[in-house]
$ cat target-v2.cif   # mmCIF, C-alpha atoms
data_target
#
loop_
_atom_site.group_PDB
_atom_site.id
_atom_site.type_symbol
_atom_site.label_atom_id
_atom_site.label_comp_id
_atom_site.auth_asym_id
_atom_site.auth_seq_id
_atom_site.Cartn_x
_atom_site.Cartn_y
_atom_site.Cartn_z
ATOM 1 C CA MET A 1 139.636 110.963 136.889
ATOM 2 C CA ARG A 2 139.388 114.662 136.155
ATOM 3 C CA ARG A 3 140.805 117.340 138.418
ATOM 4 C CA ILE A 4 138.341 118.831 140.888
ATOM 5 C CA ASP A 5 138.974 122.278 142.384
ATOM 6 C CA TYR A 6 137.320 123.449 145.588
ATOM 7 C CA TYR A 7 137.756 126.468 147.764
ATOM 8 C CA LEU A 8 138.851 124.865 151.036
ATOM 9 C CA ASN A 9 141.392 127.557 151.758
ATOM 10 C CA ASN A 10 141.314 131.212 152.708
ATOM 11 C CA THR A 11 142.978 132.599 149.588
ATOM 12 C CA GLY A 12 140.140 132.463 147.063
ATOM 13 C CA VAL A 13 142.442 130.371 144.872
ATOM 14 C CA PRO A 14 141.256 126.814 144.190
ATOM 15 C CA LEU A 15 143.310 123.921 145.505
ATOM 16 C CA GLU A 16 145.365 122.113 142.899
ATOM 17 C CA GLY A 17 145.068 118.432 142.163
ATOM 18 C CA ASP A 18 142.550 115.968 143.497
ATOM 19 C CA ILE A 19 140.484 117.091 146.469
ATOM 20 C CA ASP A 20 140.772 113.686 148.153
ATOM 21 C CA SER A 21 144.288 114.389 149.367
ATOM 22 C CA ASN A 22 143.051 117.434 151.272
ATOM 23 C CA LEU A 23 139.772 115.954 152.501
ATOM 24 C CA PHE A 24 141.383 112.815 153.833
ATOM 25 C CA GLN A 25 144.505 114.432 155.257
ATOM 26 C CA TRP A 26 142.763 117.303 157.042
ATOM 27 C CA PHE A 27 139.469 115.763 158.128
ATOM 28 C CA HIS A 28 139.471 111.936 158.284
ATOM 29 C CA SER A 29 139.784 110.717 161.875
ATOM 30 C CA SER A 30 142.498 108.164 160.984
ATOM 31 C CA SER A 31 144.773 110.707 159.291
ATOM 32 C CA LYS A 32 147.954 111.938 160.966
ATOM 33 C CA GLY A 33 147.285 115.327 159.342
ATOM 34 C CA ASN A 34 143.988 115.739 161.203
ATOM 35 C CA TYR A 35 145.491 118.252 163.633
ATOM 36 C CA SER A 36 142.099 119.389 164.886
ATOM 37 C CA GLY A 37 141.466 115.873 166.217
ATOM 38 C CA MET A 38 138.086 115.768 164.497
ATOM 39 C CA LYS A 39 136.282 112.471 164.809
ATOM 40 C CA ASP A 40 133.008 112.615 162.897
ATOM 41 C CA ALA A 41 131.485 109.360 161.620
ATOM 42 C CA LYS A 42 129.315 111.048 158.971
ATOM 43 C CA LEU A 43 132.276 112.953 157.530
ATOM 44 C CA ASN A 44 134.461 109.828 157.576
ATOM 45 C CA ASN A 45 131.738 107.981 155.639
ATOM 46 C CA LEU A 46 131.508 110.760 153.034
ATOM 47 C CA ILE A 47 135.280 110.872 152.571
ATOM 48 C CA GLU A 48 135.460 107.093 152.191
ATOM 49 C CA ALA A 49 132.457 107.037 149.828
ATOM 50 C CA GLN A 50 133.981 109.585 147.445
ATOM 51 C CA ARG A 51 137.176 107.515 147.379
ATOM 52 C CA LYS A 52 135.225 104.455 146.248
ATOM 53 C CA GLU A 53 132.954 106.171 143.707
ATOM 54 C CA ALA A 54 134.029 105.544 140.105
ATOM 55 C CA ASP A 55 131.463 107.824 138.443
ATOM 56 C CA PRO A 56 132.928 111.375 138.330
ATOM 57 C CA GLY A 57 129.506 113.060 138.571
ATOM 58 C CA LYS A 58 128.437 111.053 141.606
ATOM 59 C CA ARG A 59 131.838 111.543 143.207
ATOM 60 C CA LEU A 60 131.574 115.302 142.676
ATOM 61 C CA GLU A 61 128.226 115.352 144.499
ATOM 62 C CA ILE A 62 129.649 113.362 147.432
ATOM 63 C CA VAL A 63 132.613 115.735 147.682
ATOM 64 C CA ARG A 64 130.294 118.749 147.546
ATOM 65 C CA GLU A 65 128.179 117.235 150.312
ATOM 66 C CA ALA A 66 131.308 116.697 152.431
ATOM 67 C CA VAL A 67 132.478 120.283 151.887
ATOM 68 C CA ARG A 68 129.004 121.651 152.722
ATOM 69 C CA TYR A 69 128.916 119.491 155.850
ATOM 70 C CA ILE A 70 132.344 120.761 156.949
ATOM 71 C CA ASN A 71 131.376 124.391 156.343
ATOM 72 C CA THR A 72 127.903 124.253 157.932
ATOM 73 C CA GLU A 73 128.176 121.696 160.715
ATOM 74 C CA LEU A 74 131.823 121.276 161.634
ATOM 75 C CA PHE A 75 133.671 124.504 160.955
ATOM 76 C CA ASP A 76 133.643 125.543 164.624
ATOM 77 C CA ASN A 77 135.457 122.298 165.457
ATOM 78 C CA VAL A 78 138.272 122.800 162.944
ATOM 79 C CA ALA A 79 141.444 124.320 164.342
ATOM 80 C CA MET A 80 143.494 126.108 161.700
ATOM 81 C CA TYR A 81 146.809 127.863 162.036
ATOM 82 C CA TYR A 82 147.807 130.587 159.610
ATOM 83 C CA PRO A 83 151.394 131.796 160.041
ATOM 84 C CA ILE A 84 152.271 135.363 159.136
ATOM 85 C CA GLU A 85 154.154 135.493 155.865
ATOM 86 C CA ILE A 86 155.632 138.353 153.893
ATOM 87 C CA HIS A 87 156.139 137.926 150.158
ATOM 88 C CA ALA A 88 158.032 140.398 148.009
ATOM 89 C CA TRP A 89 159.131 140.130 144.401
ATOM 90 C CA GLN A 90 160.385 142.293 141.588
ATOM 91 C CA PRO A 91 157.891 143.804 139.114
ATOM 92 C CA TRP A 92 159.394 141.810 136.233
ATOM 93 C CA LEU A 93 158.313 138.512 137.852
ATOM 94 C CA LYS A 94 154.964 137.940 136.143
ATOM 95 C CA ASN A 95 152.063 135.645 137.031
ATOM 96 C CA TYR A 96 153.378 134.955 140.527
ATOM 97 C CA ALA A 97 150.867 134.603 143.334
ATOM 98 C CA PRO A 98 151.829 133.222 146.765
ATOM 99 C CA ASN A 99 149.457 130.629 148.187
ATOM 100 C CA TRP A 100 149.579 129.535 151.836
ATOM 101 C CA SER A 101 148.612 125.955 150.988
ATOM 102 C CA TYR A 102 151.499 125.547 148.515
ATOM 103 C CA ILE A 103 154.731 124.025 149.803
ATOM 104 C CA GLY A 104 157.658 125.880 148.290
ATOM 105 C CA TRP A 105 157.571 128.635 145.670
ATOM 106 C CA PRO A 106 154.635 128.397 143.216
ATOM 107 C CA LEU A 107 156.655 129.189 140.090
ATOM 108 C CA GLU A 108 155.263 126.733 137.511
ATOM 109 C CA GLU A 109 153.196 129.451 135.819
ATOM 110 C CA ALA A 110 155.525 132.402 136.491
ATOM 111 C CA TRP A 111 157.952 134.010 134.078
ATOM 112 C CA LEU A 112 160.488 136.843 133.967
ATOM 113 C CA GLU A 113 159.804 139.858 131.770
ATOM 114 C CA LYS A 114 162.737 142.147 131.065
#

$ encode --input "target-v2.cif" --output "structure tokens"
Amino acid sequence: MRRIDYYLNNTGVPLEGDIDSNLFQWFHSSSKGNYSGMKDAKLNNLIEAQRKEADPGKRLEIVREAVRYINTELFDNVAMYYPIEIHAWQPWLKNYAPNWSYIGWPLEEAWLEK
């Protein structure tokens, strides 16, 4: 299955990898990562449906519907916590961009220029 990027974060940088890991972890009522405690049957059905869909085009539409539903109908119910972070680096570190949703230092695409 191809990689699908969506803007479910506040950085303007697309999420890496498959969107299912974020949809299920953050929004499915059975997930331990659902810190907002959201329990929405329609959203659960959309998340489960995209997991079962083998056709990439149909799956993409289901995921888009889930994201639209979260943003239009449920966003007020989602509790998010954004810690304050300070990032500093030398000017010779190129292509580095901190991302709050990344665990660790996002250095796969960075290089040193000297």

$ residues_around --input "target-v2.cif" --residues "stretch 43-51 of chain A" --least-positions-apart "4" --cutoff "12 Å" --atoms "only C-alpha atoms" --output "PyMOL selection string"
chain A and resi 1+18-31+34+38-39+55-71+73-74

$ closest_residue --input "target-v2.cif" --among "A:Gly33, A:Glu85, A:Ala54, A:Ala110" --to "A:Ala97" --atoms "all atoms listed in the file"
A:Ala110

$ atom_distance --input "target-v2.cif" --atom1 "atom CA of A:Gln90" --atom2 "atom CA of A:Glu108"
16.9 Å

$ atom_distance --input "target-v2.cif" --atom1 "atom CA of A:Lys94" --atom2 "atom CA of A:Glu113"
6.8 Å

$ residues_around --input "target-v2.cif" --residues "A:Trp92" --least-positions-apart "3" --cutoff "9 Å" --atoms "all atoms listed in the file" --output "JSON list (two decimals) with C-alpha atoms, keeping the file's coordinate frame"
[["chain", "number", "residue", "atom", "x", "y", "z"],
["A", 89, "TRP", "CA", 159.13, 140.13, 144.40],
["A", 111, "TRP", "CA", 157.95, 134.01, 134.08],
["A", 112, "LEU", "CA", 160.49, 136.84, 133.97],
["A", 113, "GLU", "CA", 159.80, 139.86, 131.77],
["A", 114, "LYS", "CA", 162.74, 142.15, 131.06]]

$ atom_distance --input "target-v2.cif" --atom1 "atom CA of A:Ile86" --atom2 "atom CA of A:Trp105"
12.9 Å
